[in-house]
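Participant: Sharing protein_9.cif, mmCIF, C-alpha atoms:
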data_model
#
loop_
_atom_site.label_atom_id
_atom_site.label_comp_id
_atom_site.auth_asym_id
_atom_site.auth_seq_id
_atom_site.Cartn_x
_atom_site.Cartn_y
_atom_site.Cartn_z
CA MET A 1 4.63 270.51 55.83
CA GLU A 2 3.09 267.53 57.62
CA ASN A 3 6.12 267.20 59.94
CA LYS A 4 6.10 270.78 61.23
CA THR A 5 4.45 271.77 64.48
CA LEU A 6 1.08 273.26 63.61
CA VAL A 7 -0.80 275.72 65.80
CA SER A 8 -4.50 275.75 66.62
CA ALA A 9 -6.93 278.10 64.89
CA ASN A 10 -7.27 280.08 68.14
CA LYS A 11 -3.51 280.69 68.37
CA ALA A 12 -3.31 281.63 64.71
CA HIS A 13 -6.20 284.05 65.19
CA ARG A 14 -4.53 285.68 68.21
CA LYS A 15 -1.30 286.10 66.28
CA GLY A 16 -3.17 287.82 63.45
CA LEU A 17 -5.10 290.02 65.89
CA TRP A 18 -1.87 291.33 67.43
CA LEU A 19 -0.10 291.67 64.11
CA VAL A 20 -2.89 293.35 62.14
CA ARG A 21 -4.76 295.36 64.75
CA ILE A 22 -3.26 295.59 68.24
CA TRP A 23 0.40 296.49 67.53
CA PRO A 24 -0.44 299.25 64.99
CA MET A 25 -3.02 300.61 67.44
CA VAL A 26 -0.56 300.51 70.36
CA ILE A 27 2.10 302.40 68.38
CA THR A 28 -0.45 304.98 67.25
CA LEU A 29 -1.70 305.56 70.81
CA LEU A 30 1.82 305.81 72.23
CA VAL A 31 2.81 308.40 69.62
CA PHE A 32 -0.43 310.30 70.24
CA GLY A 33 0.25 310.34 73.99
CA GLY A 34 3.86 311.41 73.50
CA LEU A 35 2.97 314.23 71.11
CA THR A 36 0.16 315.41 73.40
CA TYR A 37 2.58 315.56 76.34
CA ALA A 38 5.20 317.34 74.25
CA SER A 39 2.68 319.92 73.01
CA VAL A 40 1.20 320.64 76.46
CA GLN A 41 4.23 320.33 78.71
CA MET A 42 7.15 321.15 76.40
CA SER A 43 5.54 323.72 74.07
CA PHE A 44 6.16 321.54 71.03
CA PRO A 45 4.40 323.13 68.00
CA ILE A 46 0.91 321.71 67.57
CA GLU A 47 1.23 321.89 63.79
CA TRP A 48 4.27 319.63 63.87
CA SER A 49 2.49 317.29 66.29
CA LEU A 50 -0.43 316.93 63.90
CA ILE A 51 1.89 316.32 60.95
CA ILE A 52 3.90 313.70 62.84
CA PHE A 53 0.76 312.02 64.17
CA GLY A 54 -0.77 311.91 60.70
CA ALA A 55 2.41 310.42 59.23
CA VAL A 56 2.65 307.77 61.96
CA SER A 57 -1.05 306.91 61.59
CA PHE A 58 -0.60 306.47 57.85
CA ILE A 59 2.48 304.29 58.35
CA CYS A 60 0.64 302.14 60.91
CA PHE A 61 -2.30 301.80 58.52
CA ILE A 62 0.03 300.61 55.75
CA TRP A 63 1.75 298.32 58.26
CA SER A 64 -1.63 296.82 59.16
CA LEU A 65 -2.53 296.24 55.49
CA ARG A 66 0.89 294.70 54.86
CA SER A 67 0.49 292.45 57.89
CA ILE A 68 -2.76 290.96 56.56
CA GLY A 69 -0.96 289.25 53.69
CA THR A 70 1.96 288.24 55.91
CA TRP A 71 -0.39 286.68 58.45
CA LYS A 72 -2.59 284.89 55.90
CA LYS A 73 0.44 283.35 54.20
CA TRP A 74 1.86 282.19 57.54
CA MET A 75 -1.52 281.02 58.81
CA ALA A 76 -2.24 278.85 55.76
CA ALA A 77 1.03 276.96 56.17
CA ASN A 78 1.14 276.67 59.96
CA THR A 79 -2.43 276.18 61.21
CA VAL A 80 -4.12 272.86 61.83
CA ASN A 81 -7.35 274.16 60.30
CA PRO A 82 -6.74 277.41 58.37
CA LYS A 83 -10.40 277.61 57.35
CA THR A 84 -11.47 278.05 60.97
CA ALA A 85 -8.69 280.57 61.64
CA LEU A 86 -9.68 282.62 58.59
CA GLU A 87 -13.36 282.59 59.58
CA MET A 88 -12.45 283.77 63.08
CA ALA A 89 -10.39 286.58 61.56
CA LYS A 90 -13.27 287.60 59.31
CA ALA A 91 -15.44 287.86 62.43
CA SER A 92 -12.94 290.16 64.20
CA PHE A 93 -9.97 292.04 62.75
CA LEU A 94 -10.95 291.30 59.13
CA LYS A 95 -14.64 291.94 59.73
CA HIS A 96 -14.70 294.80 57.23
CA GLY A 97 -14.13 293.31 53.79
CA TRP A 98 -12.59 296.46 52.35
CA LYS A 99 -9.54 296.10 54.61
CA GLU A 100 -8.88 292.59 53.39
CA ASN A 101 -9.35 293.75 49.80
CA LEU A 102 -6.71 296.45 50.35
CA ALA A 103 -4.21 294.00 51.84
CA ILE A 104 -0.72 294.63 50.49
CA TRP A 105 0.97 291.44 49.30
CA GLY A 106 2.45 290.25 46.05
CA LYS A 107 1.09 287.82 43.48
CA ALA A 108 3.60 285.13 44.47
CA ALA A 109 2.57 285.42 48.14
CA LYS A 110 -1.12 285.13 47.21
CA GLN A 111 -0.41 282.05 45.12
CA GLN A 112 1.60 280.48 47.94
CA PHE A 113 -1.23 281.22 50.37
CA ARG A 114 -3.77 279.52 48.13
CA GLU A 115 -1.55 276.47 47.58
CA ASP A 116 -0.81 276.06 51.29
CA PHE A 117 -4.45 276.67 52.23
CA ASP A 118 -5.77 274.09 49.76
CA SER A 119 -3.08 271.60 50.77
CA ARG A 120 -3.85 271.93 54.47
CA MET A 121 -7.61 271.71 53.92
CA GLU A 122 -7.19 268.55 51.84
CA LEU A 123 -5.29 266.99 54.73
CA VAL A 124 -7.94 268.20 57.19
CA LYS A 125 -10.65 266.67 55.00
CA GLN A 126 -8.86 263.32 54.87
CA GLU A 127 -8.30 263.33 58.63
CA TYR A 128 -11.94 264.23 59.22
CA LEU A 129 -13.13 261.42 56.98
CA LYS A 130 -10.86 258.87 58.64
CA ASP A 131 -11.81 259.95 62.14
CA ALA A 132 -15.51 260.15 61.34
CA LYS A 133 -15.53 256.73 59.69
CA GLU A 134 -14.05 255.16 62.80
CA ARG A 135 -16.22 257.19 65.16
CA TYR A 136 -19.63 257.36 63.51
CA SER A 137 -20.02 254.82 60.70
CA HIS A 138 -21.97 252.43 62.98
CA LYS A 139 -24.27 255.21 64.26
CA ARG A 140 -27.10 255.80 61.82
CA PRO A 141 -28.67 258.22 62.37
CA VAL A 142 -26.70 260.48 64.73
CA SER A 143 -28.84 262.73 66.92
CA VAL A 144 -27.60 265.90 68.59
CA HIS A 145 -29.38 267.59 71.48
CA HIS A 146 -28.59 270.27 74.04
CA ARG A 147 -26.11 269.28 76.71
CA PHE A 148 -27.79 268.75 80.07
CA SER A 149 -25.15 267.07 82.24
CA GLY A 150 -24.86 270.23 84.37
CA LEU A 151 -28.61 270.17 84.95
CA MET A 152 -28.39 266.57 86.15
CA TRP A 153 -25.95 267.67 88.84
CA MET A 154 -28.28 270.54 89.70
CA LEU A 155 -31.19 268.09 90.02
CA LEU A 156 -29.14 265.82 92.28
CA PHE A 157 -28.21 268.80 94.46
CA GLU A 158 -31.84 269.90 94.72
CA VAL A 159 -32.98 266.39 95.69
CA ILE A 160 -30.32 266.23 98.41
CA VAL A 161 -31.39 269.63 99.76
CA LEU A 162 -35.07 268.62 99.80
CA THR A 163 -34.20 265.39 101.56
CA GLY A 164 -32.32 267.38 104.20
CA LEU A 165 -35.33 269.68 104.64
CA VAL A 166 -37.64 266.69 105.15
CA LEU A 167 -35.32 265.18 107.77
CA LEU A 168 -35.00 268.52 109.52
CA PHE A 169 -38.79 268.97 109.42
CA LEU A 170 -39.33 265.58 111.09
CA SER A 171 -36.75 266.30 113.80
CA LEU A 172 -38.14 269.71 114.83
CA GLU A 173 -40.97 270.28 117.30
CA ASP A 174 -41.32 274.02 116.78
CA ASN A 175 -44.41 274.49 114.60
CA VAL A 176 -43.26 277.90 113.34
CA MET A 177 -39.99 276.43 112.07
CA ARG A 178 -41.95 273.55 110.54
CA ILE A 179 -44.14 276.00 108.64
CA ILE A 180 -41.08 277.87 107.37
CA LEU A 181 -39.40 274.61 106.32
CA GLY A 182 -42.63 273.52 104.64
CA LEU A 183 -42.76 276.70 102.58
CA VAL A 184 -39.09 276.35 101.64
CA PHE A 185 -39.75 272.72 100.66
CA ILE A 186 -42.63 273.77 98.39
CA LEU A 187 -40.40 276.36 96.69
CA GLY A 188 -37.61 273.81 96.37
CA PHE A 189 -39.96 271.21 94.93
CA GLY A 190 -41.06 273.78 92.36
CA GLY A 191 -37.39 274.22 91.44
CA VAL A 192 -37.01 270.45 91.01
CA LEU A 193 -40.01 270.33 88.67
CA TYR A 194 -38.59 273.25 86.66
CA THR A 195 -35.20 271.51 86.38
CA ILE A 196 -36.85 268.29 85.20
CA LYS A 197 -38.87 270.25 82.63
CA THR A 198 -35.69 271.96 81.37
CA ILE A 199 -33.89 268.61 81.08
CA TRP A 200 -36.84 267.22 79.10
CA LYS A 201 -36.76 270.20 76.71
CA ARG A 202 -33.01 269.94 76.23
CA ASN A 203 -33.33 266.27 75.37
CA GLN A 204 -35.22 267.22 72.20
CA THR A 205 -33.29 266.51 69.00
CA ILE A 206 -31.76 269.68 67.54
CA ILE A 207 -29.84 268.08 64.68
CA GLU A 208 -30.12 264.61 63.16
CA ILE A 209 -27.63 263.47 60.53
CA THR A 210 -28.03 260.42 58.28
CA LEU A 211 -26.71 259.18 54.95
CA HIS A 212 -29.75 260.74 53.30
CA GLY A 213 -29.58 264.25 54.75
CA ILE A 214 -29.73 266.43 57.81
CA THR A 215 -32.67 267.43 60.00
CA ILE A 216 -32.25 270.84 61.67
CA THR A 217 -34.75 271.84 64.37
CA GLY A 218 -37.41 269.58 62.86
CA LYS A 219 -36.89 270.45 59.18
CA HIS A 220 -35.30 267.79 56.99
CA TYR A 221 -32.97 268.59 54.09
CA GLY A 222 -31.59 265.99 51.71
CA TRP A 223 -27.88 266.42 50.98
CA ILE A 224 -28.70 267.03 47.34
CA GLU A 225 -31.11 269.84 48.32
CA LEU A 226 -28.42 271.89 50.03
CA ASP A 227 -26.11 274.16 48.08
CA ASN A 228 -24.10 274.72 51.23
CA VAL A 229 -23.89 273.16 54.69
CA ASP A 230 -20.83 273.93 56.75
CA ILE A 231 -19.48 274.72 60.22
CA VAL A 232 -18.03 278.25 60.40
CA ARG A 233 -16.17 280.07 63.17
CA SER A 234 -16.24 276.79 65.13
CA ASP A 235 -19.62 277.71 66.62
CA THR A 236 -22.17 278.13 63.82
CA LEU A 237 -23.86 275.78 61.37
CA VAL A 238 -24.52 277.55 58.07
CA TYR A 239 -26.86 275.91 55.58
CA GLN A 240 -28.56 277.02 52.39
CA LYS A 241 -31.23 275.21 50.45
CA HIS A 242 -31.05 275.39 46.65
CA LYS A 243 -31.95 278.95 45.60
CA GLY A 244 -32.96 279.73 49.18
CA PRO A 245 -31.62 282.16 51.80
CA GLU A 246 -28.58 281.29 53.90
CA GLN A 247 -29.52 280.26 57.43
CA GLU A 248 -27.52 279.84 60.62
CA LEU A 249 -27.79 277.76 63.79
CA LYS A 250 -25.59 278.46 66.83
CA LEU A 251 -23.96 275.31 68.18
CA LYS A 252 -23.27 276.32 71.76
CA ASN A 253 -23.99 273.85 74.54
CA LEU A 254 -24.79 270.89 72.28
CA SER A 255 -24.09 267.23 73.03
CA LEU A 256 -21.51 267.12 70.21
CA SER A 257 -18.84 269.73 69.57
CA ALA A 258 -18.70 271.78 66.37
CA ASP A 259 -15.56 269.89 65.26
CA TYR A 260 -17.36 266.55 65.56
CA LEU A 261 -20.33 267.93 63.66
CA ASP A 262 -17.97 269.11 60.94
CA GLU A 263 -16.59 265.57 60.71
CA LEU A 264 -20.10 264.10 60.61
CA ILE A 265 -21.36 266.36 57.86
CA LEU A 266 -18.29 265.74 55.71
CA PHE A 267 -18.48 261.99 56.34
CA TYR A 268 -22.16 261.52 55.58
CA ARG A 269 -22.11 263.77 52.54
CA THR A 270 -19.18 261.76 51.19
CA GLU A 271 -20.51 258.27 51.98
CA ASN A 272 -22.53 256.43 49.35
CA THR A 273 -26.09 255.67 50.42
CA PRO A 274 -26.69 251.91 50.52
CA ILE A 275 -29.46 250.79 48.18
CA GLY A 276 -32.70 250.21 50.01
CA GLU A 277 -31.52 251.77 53.30
CA GLN A 278 -34.02 254.12 54.85
#
Since I need it in another form, could you write the structure as structure tokens?
Facilitator:
Amino acid sequence: MENKTLVSANKAHRKGLWLVRIWPMVITLLVFGGLTYASVQMSFPIEWSLIIFGAVSFICFIWSLRSIGTWKKWMAANTVNPKTALEMAKASFLKHGWKENLAIWGKAAKQQFREDFDSRMELVKQEYLKDAKERYSHKRPVSVHHRFSGLMWMLLFEVIVLTGLVLLFLSLEDNVMRIILGLVFILGFGGVLYTIKTIWKRNQTIIEITLHGITITGKHYGWIELDNVDIVRSDTLVYQKHKGPEQELKLKNLSLSADYLDELILFYRTENTPIGEQ
């Protein structure tokens, strides 16, 4: 299984979306359109149209349920990270749990899915640990903040514009134009101050990860305090304190990607805390 070409979670999700939802829906809509045309333009009996449409809808529904098991079995064996692909599916075409519960697949297929899923996730875990050890073992703690590189470019652009306004102001003799440029400069300077303020806010630590635990938006949790801490759907940190409610933190526009955070959390929860280290 390690030698085969594996697909990304996004590609696996798209394949499942087409297989489970889009193709059955397309067939149903095409049949509906054809029967509507036949009934209106060709005097095809409406009763027969309803019967045929109902039969096709039922067949497509069964096809969709059958495809869930087919896709999950394929996905577990052919996806780099099947956990992410499954979470993405649960947020879209498997959003309603009852549909997944009604999935039509045999006991052997379910067992194969579970074996392949566990096998792939064990490999993913080992790869994460190896990568994280090389990437982050010397960084204690690791701080994550909002990404602000785009704002730095914006600040540079604003400074250049203001500099151009000053030069233009000094070169003009028309007092009216100077007044207009002065007002524009004041507005522009206000924009520069706002950009600097935004950069300062985004530089605040959102997540801090150490051998001892994780700090999320200012609240610290020891690893032993958390029943669950995980990255789901490749964009959300889910964490739950012992006997507490499950909480979520969106990970968009952070200085580290969700995949790196997943590596970090797995690495630091697995590492042994050195005696005496704070």
Participant: Please provide the set of residues having any atom within 9 Å of A:Phe189, restricted to all atoms listed in the file, with same-chain residues fewer than 3 positions apart removed, written as a PyMOL selection string.
Facilitator: chain A and resi 158-159+162+184-186+192-194
Participant: Enumerate, as a ChimeraX atom specification, the residues matched when the PyMOL selection byres ((chain A and resi 23-29) around 9) is run on the file above.
Facilitator: /A:17-22,30-34,53,56-57,59-61,63-64
Participant: Would you please work out which residue, of A:Leu256, A:Leu35, A:Ala76, A:Val238, is nearest to A:His145 when using all atoms listed in the file?
Facilitator: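 For A:His145, the nearest of the candidates is A:Leu256.
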Participant: Figure out the distance between atom CA of A:Leu155 and atom CA of A:Thr195, please, to one decimal in Å.
Facilitator: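 Computing the Euclidean distance for atom CA of A:Thr195 and atom CA of A:Leu155 yields 6.4 Å.
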Participant: When the PyMOL selection byres ((chain A and resi 199-214) around 6) is applied to the file above, which residues end up in the set, as JSON, numbers by chain?
Facilitator: {"A": [140, 141, 142, 143, 144, 145, 146, 196, 197, 198, 215, 216, 217, 220, 221, 222, 223, 268, 273]}
Participant: Quick check on the file I pasted: which residues fall under the PyMOL selection byres ((chain A and resi 120) around 10)? Write them as a ChimeraX atom specification.
Facilitator: /A:1-2,76-83,114-119,121-126
Participant: Would you save the residues from that selection as an mmCIF file, keeping the file's coordinate frame, using C-alpha atoms?
Facilitator:
data_model
loop_
_atom_site.group_PDB
_atom_site.id
_atom_site.type_symbol
_atom_site.label_atom_id
_atom_site.label_comp_id
_atom_site.auth_asym_id
_atom_site.auth_seq_id
_atom_site.Cartn_x
_atom_site.Cartn_y
_atom_site.Cartn_z
ATOM 1 C CA MET A 1 4.630 270.510 55.830
ATOM 2 C CA GLU A 2 3.090 267.530 57.620
ATOM 3 C CA ALA A 76 -2.240 278.850 55.760
ATOM 4 C CA ALA A 77 1.030 276.960 56.170
ATOM 5 C CA ASN A 78 1.140 276.670 59.960
ATOM 6 C CA THR A 79 -2.430 276.180 61.210
ATOM 7 C CA VAL A 80 -4.120 272.860 61.830
ATOM 8 C CA ASN A 81 -7.350 274.160 60.300
ATOM 9 C CA PRO A 82 -6.740 277.410 58.370
ATOM 10 C CA LYS A 83 -10.400 277.610 57.350
ATOM 11 C CA ARG A 114 -3.770 279.520 48.130
ATOM 12 C CA GLU A 115 -1.550 276.470 47.580
ATOM 13 C CA ASP A 116 -0.810 276.060 51.290
ATOM 14 C CA PHE A 117 -4.450 276.670 52.230
ATOM 15 C CA ASP A 118 -5.770 274.090 49.760
ATOM 16 C CA SER A 119 -3.080 271.600 50.770
ATOM 17 C CA MET A 121 -7.610 271.710 53.920
ATOM 18 C CA GLU A 122 -7.190 268.550 51.840
ATOM 19 C CA LEU A 123 -5.290 266.990 54.730
ATOM 20 C CA VAL A 124 -7.940 268.200 57.190
ATOM 21 C CA LYS A 125 -10.650 266.670 55.000
ATOM 22 C CA GLN A 126 -8.860 263.320 54.870
#
Participant: Would you compute the distance between atom CA of A:Thr70 and atom CA of A:Leu102? Give it in Å to one decimal.
Facilitator: 13.2 Å
Participant: Find the distance between atom CA of A:Arg269 and atom CA of A:Glu87 and write it in Å to one decimal.
Facilitator: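 So the answer is 21.9 Å.
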Participant: Please fill the gaps in stretch 101-112 of chain A so it has all heavy atoms, and write that as a PDB file, in the coordinates of the input.
Facilitator:
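File result15.pdb, as written:
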ATOM      1  N   ASN A 101      -9.538 293.491  51.232  1.00  0.00           N
ATOM      2  CA  ASN A 101      -9.350 293.750  49.800  1.00  0.00           C
ATOM      3  C   ASN A 101      -8.160 294.663  49.533  1.00  0.00           C
ATOM      4  O   ASN A 101      -7.551 294.592  48.465  1.00  0.00           O
ATOM      5  CB  ASN A 101     -10.622 294.384  49.223  1.00  0.00           C
ATOM      6  CG  ASN A 101     -11.800 293.430  49.219  1.00  0.00           C
ATOM      7  OD1 ASN A 101     -11.627 292.214  49.182  1.00  0.00           O
ATOM      8  ND2 ASN A 101     -13.004 293.969  49.268  1.00  0.00           N
ATOM      9  N   LEU A 102      -7.835 295.535  50.498  1.00  0.00           N
ATOM     10  CA  LEU A 102      -6.710 296.450  50.350  1.00  0.00           C
ATOM     11  C   LEU A 102      -5.390 295.869  50.842  1.00  0.00           C
ATOM     12  O   LEU A 102      -4.371 296.554  50.828  1.00  0.00           O
ATOM     13  CB  LEU A 102      -6.993 297.765  51.100  1.00  0.00           C
ATOM     14  CG  LEU A 102      -8.104 298.659  50.541  1.00  0.00           C
ATOM     15  CD1 LEU A 102      -8.317 299.858  51.456  1.00  0.00           C
ATOM     16  CD2 LEU A 102      -7.775 299.123  49.130  1.00  0.00           C
ATOM     17  N   ALA A 103      -5.418 294.623  51.307  1.00  0.00           N
ATOM     18  CA  ALA A 103      -4.210 294.000  51.840  1.00  0.00           C
ATOM     19  C   ALA A 103      -3.064 294.088  50.832  1.00  0.00           C
ATOM     20  O   ALA A 103      -3.246 293.874  49.636  1.00  0.00           O
ATOM     21  CB  ALA A 103      -4.480 292.542  52.196  1.00  0.00           C
ATOM     22  N   ILE A 104      -1.896 294.432  51.339  1.00  0.00           N
ATOM     23  CA  ILE A 104      -0.720 294.630  50.490  1.00  0.00           C
ATOM     24  C   ILE A 104       0.138 293.366  50.524  1.00  0.00           C
ATOM     25  O   ILE A 104       0.811 293.075  51.516  1.00  0.00           O
ATOM     26  CB  ILE A 104       0.099 295.840  50.975  1.00  0.00           C
ATOM     27  CG1 ILE A 104      -0.762 297.109  50.943  1.00  0.00           C
ATOM     28  CG2 ILE A 104       1.342 296.020  50.107  1.00  0.00           C
ATOM     29  CD1 ILE A 104      -0.101 298.309  51.563  1.00  0.00           C
ATOM     30  N   TRP A 105       0.090 292.594  49.452  1.00  0.00           N
ATOM     31  CA  TRP A 105       0.970 291.440  49.300  1.00  0.00           C
ATOM     32  C   TRP A 105       1.049 291.085  47.827  1.00  0.00           C
ATOM     33  O   TRP A 105       0.145 291.345  47.045  1.00  0.00           O
ATOM     34  CB  TRP A 105       0.533 290.260  50.154  1.00  0.00           C
ATOM     35  CG  TRP A 105      -0.914 289.813  50.009  1.00  0.00           C
ATOM     36  CD1 TRP A 105      -1.982 290.547  49.567  1.00  0.00           C
ATOM     37  CD2 TRP A 105      -1.424 288.523  50.323  1.00  0.00           C
ATOM     38  NE1 TRP A 105      -3.126 289.804  49.612  1.00  0.00           N
ATOM     39  CE2 TRP A 105      -2.826 288.558  50.068  1.00  0.00           C
ATOM     40  CE3 TRP A 105      -0.869 287.343  50.816  1.00  0.00           C
ATOM     41  CZ2 TRP A 105      -3.645 287.454  50.273  1.00  0.00           C
ATOM     42  CZ3 TRP A 105      -1.698 286.252  51.027  1.00  0.00           C
ATOM     43  CH2 TRP A 105      -3.063 286.309  50.746  1.00  0.00           C
ATOM     44  N   GLY A 106       2.178 290.496  47.450  1.00  0.00           N
ATOM     45  CA  GLY A 106       2.450 290.250  46.050  1.00  0.00           C
ATOM     46  C   GLY A 106       1.716 289.041  45.477  1.00  0.00           C
ATOM     47  O   GLY A 106       1.110 288.245  46.204  1.00  0.00           O
ATOM     48  N   LYS A 107       1.770 288.916  44.175  1.00  0.00           N
ATOM     49  CA  LYS A 107       1.090 287.820  43.480  1.00  0.00           C
ATOM     50  C   LYS A 107       1.641 286.469  43.903  1.00  0.00           C
ATOM     51  O   LYS A 107       0.892 285.510  44.098  1.00  0.00           O
ATOM     52  CB  LYS A 107       1.260 288.011  41.970  1.00  0.00           C
ATOM     53  CG  LYS A 107       0.524 286.979  41.131  1.00  0.00           C
ATOM     54  CD  LYS A 107       0.672 287.266  39.646  1.00  0.00           C
ATOM     55  CE  LYS A 107      -0.071 286.224  38.819  1.00  0.00           C
ATOM     56  NZ  LYS A 107       0.074 286.489  37.368  1.00  0.00           N
ATOM     57  N   ALA A 108       2.977 286.397  44.066  1.00  0.00           N
ATOM     58  CA  ALA A 108       3.600 285.130  44.470  1.00  0.00           C
ATOM     59  C   ALA A 108       3.133 284.718  45.870  1.00  0.00           C
ATOM     60  O   ALA A 108       2.882 283.541  46.140  1.00  0.00           O
ATOM     61  CB  ALA A 108       5.113 285.263  44.434  1.00  0.00           C
ATOM     62  N   ALA A 109       3.010 285.703  46.775  1.00  0.00           N
ATOM     63  CA  ALA A 109       2.570 285.420  48.140  1.00  0.00           C
ATOM     64  C   ALA A 109       1.113 284.933  48.136  1.00  0.00           C
ATOM     65  O   ALA A 109       0.750 284.008  48.873  1.00  0.00           O
ATOM     66  CB  ALA A 109       2.707 286.656  49.013  1.00  0.00           C
ATOM     67  N   LYS A 110       0.274 285.565  47.316  1.00  0.00           N
ATOM     68  CA  LYS A 110      -1.120 285.130  47.210  1.00  0.00           C
ATOM     69  C   LYS A 110      -1.219 283.703  46.694  1.00  0.00           C
ATOM     70  O   LYS A 110      -2.016 282.901  47.195  1.00  0.00           O
ATOM     71  CB  LYS A 110      -1.894 286.074  46.283  1.00  0.00           C
ATOM     72  CG  LYS A 110      -2.133 287.463  46.835  1.00  0.00           C
ATOM     73  CD  LYS A 110      -2.945 288.290  45.862  1.00  0.00           C
ATOM     74  CE  LYS A 110      -3.186 289.692  46.399  1.00  0.00           C
ATOM     75  NZ  LYS A 110      -3.973 290.516  45.450  1.00  0.00           N
ATOM     76  N   GLN A 111      -0.398 283.389  45.689  1.00  0.00           N
ATOM     77  CA  GLN A 111      -0.410 282.050  45.120  1.00  0.00           C
ATOM     78  C   GLN A 111       0.055 281.020  46.147  1.00  0.00           C
ATOM     79  O   GLN A 111      -0.532 279.935  46.270  1.00  0.00           O
ATOM     80  CB  GLN A 111       0.493 281.995  43.879  1.00  0.00           C
ATOM     81  CG  GLN A 111       0.542 280.647  43.188  1.00  0.00           C
ATOM     82  CD  GLN A 111      -0.801 280.225  42.622  1.00  0.00           C
ATOM     83  OE1 GLN A 111      -1.636 281.062  42.283  1.00  0.00           O
ATOM     84  NE2 GLN A 111      -1.015 278.918  42.509  1.00  0.00           N
ATOM     85  N   GLN A 112       1.098 281.382  46.917  1.00  0.00           N
ATOM     86  CA  GLN A 112       1.600 280.480  47.940  1.00  0.00           C
ATOM     87  C   GLN A 112       0.555 280.252  49.030  1.00  0.00           C
ATOM     88  O   GLN A 112       0.388 279.139  49.522  1.00  0.00           O
ATOM     89  CB  GLN A 112       2.871 281.059  48.569  1.00  0.00           C
ATOM     90  CG  GLN A 112       3.580 280.105  49.529  1.00  0.00           C
ATOM     91  CD  GLN A 112       4.084 278.867  48.828  1.00  0.00           C
ATOM     92  OE1 GLN A 112       4.758 278.956  47.804  1.00  0.00           O
ATOM     93  NE2 GLN A 112       3.758 277.700  49.375  1.00  0.00           N
TER      94      GLN A 112
END
